[in-house]
file data.cif (mmCIF, C-alpha atoms)
data_coords
loop_
_atom_site.label_atom_id
_atom_site.label_comp_id
_atom_site.auth_asym_id
_atom_site.auth_seq_id
_atom_site.Cartn_x
_atom_site.Cartn_y
_atom_site.Cartn_z
CA ASP A 109 0.00 0.00 0.00
CA GLN A 110 1.53 3.25 -1.16
CA GLN A 111 1.86 5.63 1.78
CA VAL A 112 3.11 8.48 -0.39
CA LYS A 113 1.39 9.12 -3.69
CA GLN A 114 2.00 11.31 -6.67
CA ASN A 115 -1.04 11.08 -8.88
CA SER A 116 0.34 12.98 -11.86
CA PRO A 117 2.90 10.92 -13.77
CA SER A 118 3.85 13.86 -15.97
CA LEU A 119 3.58 17.62 -16.26
CA SER A 120 4.52 20.04 -19.05
CA VAL A 121 5.07 23.74 -18.40
CA GLN A 122 6.29 26.65 -20.48
CA GLU A 123 9.60 28.18 -19.51
CA GLY A 124 9.12 31.07 -17.10
CA ARG A 125 5.78 29.84 -15.80
CA ILE A 126 5.06 28.14 -12.50
CA SER A 127 5.35 24.37 -12.09
CA ILE A 128 3.26 22.78 -9.36
CA LEU A 129 3.95 19.20 -8.40
CA ASN A 130 1.64 17.48 -5.97
CA CYS A 131 2.03 14.75 -3.41
CA ASP A 132 -0.46 13.09 -1.06
CA TYR A 133 0.21 10.87 1.92
CA THR A 134 -1.86 8.54 4.02
CA ASN A 135 0.03 8.37 7.33
CA SER A 136 -0.85 11.35 9.50
CA MET A 137 2.13 10.56 11.73
CA PHE A 138 4.67 11.55 9.08
CA ASP A 139 6.60 14.49 10.48
CA TYR A 140 9.04 15.32 7.73
CA PHE A 141 8.92 15.41 3.95
CA LEU A 142 11.58 15.70 1.29
CA TRP A 143 11.61 16.32 -2.44
CA TYR A 144 14.21 14.75 -4.68
CA LYS A 145 14.99 15.49 -8.29
CA LYS A 146 16.24 12.86 -10.71
CA TYR A 147 17.83 13.27 -14.11
CA PRO A 148 18.12 10.30 -16.51
CA ALA A 149 21.05 7.98 -15.80
CA GLU A 150 21.69 9.65 -12.45
CA GLY A 151 20.60 9.02 -8.90
CA PRO A 152 18.06 11.24 -7.16
CA THR A 153 19.42 14.38 -5.53
CA PHE A 154 17.92 16.21 -2.60
CA LEU A 155 16.03 19.37 -3.46
CA ILE A 156 14.09 20.72 -0.50
CA SER A 157 12.41 19.52 2.67
CA ILE A 158 9.77 20.58 5.16
CA SER A 159 9.00 19.72 8.74
CA SER A 160 5.42 19.05 9.76
CA ILE A 161 5.57 21.96 12.19
CA LYS A 162 5.76 24.32 9.22
CA ASP A 163 3.39 24.92 6.34
CA LYS A 164 5.89 26.44 3.95
CA ASN A 165 9.60 26.26 3.17
CA GLU A 166 11.31 28.28 0.49
CA ASP A 167 14.69 27.92 -1.17
CA GLY A 168 15.28 30.18 -4.12
CA ARG A 169 12.91 29.25 -6.93
CA PHE A 170 11.60 26.25 -5.00
CA THR A 171 8.85 26.38 -2.39
CA VAL A 172 7.19 23.47 -0.68
CA PHE A 173 3.77 23.85 0.90
CA LEU A 174 2.33 21.44 3.45
CA ASN A 175 -1.37 21.06 4.22
CA LYS A 176 -1.55 18.61 7.08
CA SER A 177 -5.32 18.52 7.32
CA ALA A 178 -5.51 17.44 3.69
CA LYS A 179 -2.37 15.26 3.96
CA HIS A 180 -1.06 17.04 0.91
CA LEU A 181 2.12 18.77 -0.07
CA SER A 182 3.12 20.57 -3.20
CA LEU A 183 6.34 21.77 -4.76
CA HIS A 184 6.25 25.07 -6.61
CA ILE A 185 8.99 26.04 -9.04
CA VAL A 186 8.96 29.69 -10.12
CA PRO A 187 10.07 30.55 -12.71
CA SER A 188 10.46 27.18 -14.39
CA GLN A 189 13.59 26.65 -16.45
CA PRO A 190 14.44 23.98 -19.05
CA GLY A 191 17.08 22.60 -16.67
CA ASP A 192 14.28 21.79 -14.23
CA SER A 193 13.09 19.05 -16.59
CA ALA A 194 13.48 15.91 -14.50
CA VAL A 195 11.53 13.39 -12.46
CA TYR A 196 10.54 14.67 -9.01
CA PHE A 197 9.91 12.37 -6.08
CA CYS A 198 8.38 13.27 -2.77
CA ALA A 199 9.42 11.17 0.20
CA ALA A 200 8.75 10.76 3.89
CA PRO A 201 10.75 8.98 6.57
CA SER A 202 8.97 6.69 8.99
CA PRO A 203 7.67 8.59 12.04
CA ASN A 204 9.81 8.79 15.19
CA THR A 205 12.81 6.69 14.07
CA GLY A 206 13.11 7.82 10.47
CA ASN A 207 14.70 4.46 9.64
CA GLN A 208 12.51 3.66 6.65
CA PHE A 209 11.72 5.88 3.73
CA TYR A 210 8.62 6.02 1.61
CA PHE A 211 8.80 7.52 -1.85
CA GLY A 212 6.09 8.55 -4.24
CA THR A 213 5.87 7.24 -7.78
CA GLY A 214 7.39 10.37 -9.25
CA THR A 215 6.26 13.14 -11.59
CA SER A 216 8.14 13.77 -14.81
CA LEU A 217 8.37 17.51 -15.39
CA THR A 218 9.09 18.88 -18.85
CA VAL A 219 9.81 22.59 -19.15
CA ILE A 220 9.31 23.72 -22.71
CA PRO A 221 11.63 26.51 -23.91
CA GLU B 149 34.49 14.28 -3.89
CA ALA B 150 31.67 12.95 -1.73
CA GLN B 151 29.99 10.13 -3.53
CA VAL B 152 28.15 6.84 -3.47
CA THR B 153 29.55 4.38 -5.99
CA GLN B 154 27.65 1.41 -7.34
CA ASN B 155 28.99 -1.39 -9.52
CA PRO B 156 28.16 -2.62 -12.02
CA ARG B 157 26.10 0.10 -13.69
CA TYR B 158 24.51 -2.39 -16.06
CA LEU B 159 24.15 -6.15 -15.92
CA ILE B 160 22.29 -8.68 -18.02
CA THR B 161 22.20 -12.13 -16.51
CA VAL B 162 20.11 -15.28 -16.35
CA THR B 163 17.68 -16.67 -13.84
CA GLY B 164 19.31 -18.38 -10.89
CA LYS B 165 22.84 -17.09 -11.35
CA LYS B 166 23.93 -15.42 -8.10
CA LEU B 167 25.00 -11.83 -8.40
CA THR B 168 26.21 -9.04 -6.14
CA VAL B 169 25.85 -5.32 -6.66
CA THR B 170 28.41 -3.39 -4.69
CA CYS B 171 27.89 -0.04 -3.03
CA SER B 172 30.54 2.10 -1.41
CA GLN B 173 30.39 5.56 0.12
CA ASN B 174 33.27 7.85 1.12
CA MET B 175 31.37 10.17 3.49
CA ASN B 176 31.67 8.07 6.66
CA HIS B 177 27.88 7.77 6.76
CA GLU B 178 26.31 5.42 9.28
CA TYR B 179 23.07 4.82 7.39
CA MET B 180 22.93 3.04 4.04
CA SER B 181 20.01 1.74 2.04
CA TRP B 182 18.99 -0.02 -1.15
CA TYR B 183 16.03 0.90 -3.35
CA ARG B 184 14.54 -0.38 -6.54
CA GLN B 185 12.78 1.82 -9.05
CA ASP B 186 10.06 0.38 -11.23
CA PRO B 187 7.66 2.12 -13.64
CA GLY B 188 4.51 3.23 -11.89
CA LEU B 189 5.85 2.19 -8.50
CA GLY B 190 8.48 4.80 -7.79
CA LEU B 191 11.31 4.03 -5.41
CA ARG B 192 10.78 1.22 -2.94
CA GLN B 193 13.14 0.44 -0.11
CA ILE B 194 14.64 -3.06 -0.08
CA TYR B 195 16.95 -3.09 2.94
CA TYR B 196 18.64 -0.53 5.11
CA SER B 197 21.48 -0.50 7.60
CA MET B 198 21.77 1.79 10.58
CA ASN B 199 25.44 0.93 11.14
CA VAL B 200 27.99 -1.85 10.83
CA GLU B 201 26.42 -5.27 11.43
CA VAL B 202 22.94 -3.70 11.76
CA THR B 203 20.56 -4.34 8.88
CA ASP B 204 16.79 -4.40 8.55
CA LYS B 205 14.12 -5.05 5.96
CA GLY B 206 12.43 -2.34 3.98
CA ASP B 207 9.21 -2.71 2.03
CA VAL B 208 10.35 -5.24 -0.58
CA PRO B 209 13.12 -7.46 0.88
CA GLU B 210 12.04 -10.79 -0.66
CA GLY B 211 14.74 -12.35 -2.83
CA TYR B 212 17.52 -10.05 -1.59
CA LYS B 213 20.25 -10.21 1.01
CA VAL B 214 22.58 -7.55 2.32
CA SER B 215 25.55 -7.35 4.61
CA ARG B 216 27.32 -4.51 6.38
CA LYS B 217 30.71 -5.67 7.50
CA GLU B 218 32.37 -2.30 7.00
CA LYS B 219 30.97 1.17 7.36
CA ARG B 220 31.66 2.22 3.78
CA ASN B 221 30.29 -0.85 1.97
CA PHE B 222 26.78 -2.22 1.66
CA PRO B 223 26.50 -4.91 -1.04
CA LEU B 224 23.17 -6.17 -2.36
CA ILE B 225 23.08 -9.89 -3.05
CA LEU B 226 20.64 -11.74 -5.25
CA GLU B 227 21.18 -15.40 -4.43
CA SER B 228 18.86 -16.75 -7.13
CA PRO B 229 17.73 -13.89 -9.35
CA SER B 230 14.40 -14.09 -11.10
CA PRO B 231 12.91 -12.00 -13.94
CA ASN B 232 10.72 -10.02 -11.51
CA GLN B 233 13.91 -8.58 -10.04
CA THR B 234 14.66 -6.85 -13.32
CA SER B 235 14.79 -3.25 -12.20
CA LEU B 236 16.84 -0.12 -11.64
CA TYR B 237 18.58 -0.25 -8.27
CA PHE B 238 19.89 2.63 -6.18
CA CYS B 239 22.11 2.66 -3.15
CA ALA B 240 21.97 5.62 -0.79
CA SER B 241 23.66 6.82 2.37
CA THR B 242 23.17 9.49 4.97
CA ALA B 243 24.72 10.68 8.19
CA ARG B 244 23.17 10.08 11.57
CA GLY B 245 22.38 13.05 13.70
CA GLY B 246 19.21 14.33 15.17
CA ILE B 247 16.17 12.67 13.71
CA LEU B 248 17.59 10.38 11.05
CA GLY B 249 14.84 11.01 8.59
CA ASN B 250 15.71 14.67 8.40
CA GLN B 251 19.05 13.97 6.80
CA PRO B 252 18.86 13.97 3.00
CA GLN B 253 20.18 10.85 1.39
CA HIS B 254 22.99 10.76 -1.13
CA PHE B 255 22.28 8.36 -3.97
CA GLY B 256 24.49 6.43 -6.33
CA ASP B 257 23.87 6.65 -10.06
CA GLY B 258 22.03 3.36 -10.21
CA THR B 259 22.48 -0.19 -11.45
CA ARG B 260 20.24 -1.48 -14.19
CA LEU B 261 19.71 -5.22 -13.82
CA SER B 262 18.08 -7.35 -16.48
CA ILE B 263 17.37 -10.95 -15.53
CA LEU B 264 16.38 -13.21 -18.38
#
call {"tool": "encode", "arguments": {"input": "data.cif", "output": "structure tokens"}}
result
Amino acid sequence: DQQVKQNSPSLSVQEGRISILNCDYTNSMFDYFLWYKKYPAEGPTFLISISSIKDKNEDGRFTVFLNKSAKHLSLHIVPSQPGDSAVYFCAAPSPNTGNQFYFGTGTSLTVIP
Amino acid sequence: EAQVTQNPRYLITVTGKKLTVTCSQNMNHEYMSWYRQDPGLGLRQIYYSMNVEVTDKGDVPEGYKVSRKEKRNFPLILESPSPNQTSLYFCASTARGGILGNQPQHFGDGTRLSIL
């Protein structure tokens, strides 16, 4: 049973516009979330994270929003650039220990020049 | 350069022929983990290790073994590979400190296994 879900397998956005990637989770005990970015033939790389005590975290062009009541988080990229074209995974560590990690299925973002 | 190194990067083999995928990290990280990536399923954790001689099952451990005899190495062993283990595999590591889950993982570049 997938505890972290990304329901949009792909997304296309024009360069300069906003990209919004969504992620839903089922375990209300999750207390930390991370986004990873993956280019073809490379491993995922960490992008941004958010603690459950916050509802927003910003790092340059990337902002993650957390809505705990809806068990939903989103990654906003503004403005989108062609180099942002990649697969994005949201992830959550197991509550309390953080020993296990649960990843979403990924969203493939294409930024059109 | 801080990195996680996996070998081989690609392997085509046959059912039942034992294979090992090596993983090594040079960051002195305590935590290491193996994932497989499959279309429509994302990344799923196979095994993880909190430290030397400490390993535990992730979500999909069936058909895999691991060992952690040294801090830097965490090999993934397929004793009798089957076609359903054809996948893209990633090794990752992270430092301990605070709440473990808050430490971003560093991933290797992946190993693509095809089992015929």
call {"tool": "closest_residue", "arguments": {"input": "data.cif", "among": "A:Ser157, A:Ser118, A:Asn175, A:Ser193", "to": "chain B", "atoms": "only C-alpha atoms"}}
result
A:Ser157
call {"tool": "atom_distance", "arguments": {"input": "data.cif", "atom1": "atom CA of Phe173 of chain A", "atom2": "atom CA of Ala194 of chain A"}}
result
19.9 Å
call {"tool": "resolve_selection", "arguments": {"input": "data.cif", "expression": "the PyMOL selection byres ((chain B) within 12 of (chain A))", "output": "ChimeraX atom specification"}}
result
/B:151-154,157-158,178-199,202-208,236-260
call {"tool": "resolve_selection", "arguments": {"input": "data.cif", "expression": "the PyMOL selection byres ((chain B and resi 167) around 12)", "output": "JSON, numbers by chain"}}
result
{"B": [155, 156, 159, 160, 161, 162, 163, 164, 165, 166, 168, 169, 170, 211, 212, 213, 214, 223, 224, 225, 226, 227, 228, 229, 230, 233, 261, 262, 263]}
call {"tool": "resolve_selection", "arguments": {"input": "data.cif", "expression": "the PyMOL selection byres ((chain A and resi 164) around 10)", "output": "VMD selection string"}}
result
chain A and resid 157 to 163 165 to 166 171 to 175 181 to 183
call {"tool": "residues_around", "arguments": {"input": "data.cif", "residues": "Asp192 of chain A", "least_positions_apart": "5", "cutoff": "8 Å", "atoms": "all atoms listed in the file", "output": "list in words"}}
result
Leu217, Thr218 and Val219 of chain A
call {"tool": "atom_distance", "arguments": {"input": "data.cif", "atom1": "atom CA of Glu201 of chain B", "atom2": "atom CA of Gln173 of chain B"}}
result
16.2 Å
call {"tool": "atom_distance", "arguments": {"input": "data.cif", "atom1": "atom CA of Asp167 of chain A", "atom2": "atom CA of Met175 of chain B"}}
result
24.8 Å
call {"tool": "residues_around", "arguments": {"input": "data.cif", "residues": "Gln189 of chain A", "least_positions_apart": "6", "cutoff": "8 Å", "atoms": "all atoms listed in the file", "output": "list in words"}}
result
Glu123, Gly124, Val219 and Pro221 of chain A
call {"tool": "closest_residue", "arguments": {"input": "data.cif", "among": "A:Lys145, A:Ser188, A:Lys179, A:Phe138", "to": "Ile126 of chain A", "atoms": "only C-alpha atoms"}}
result
A:Ser188
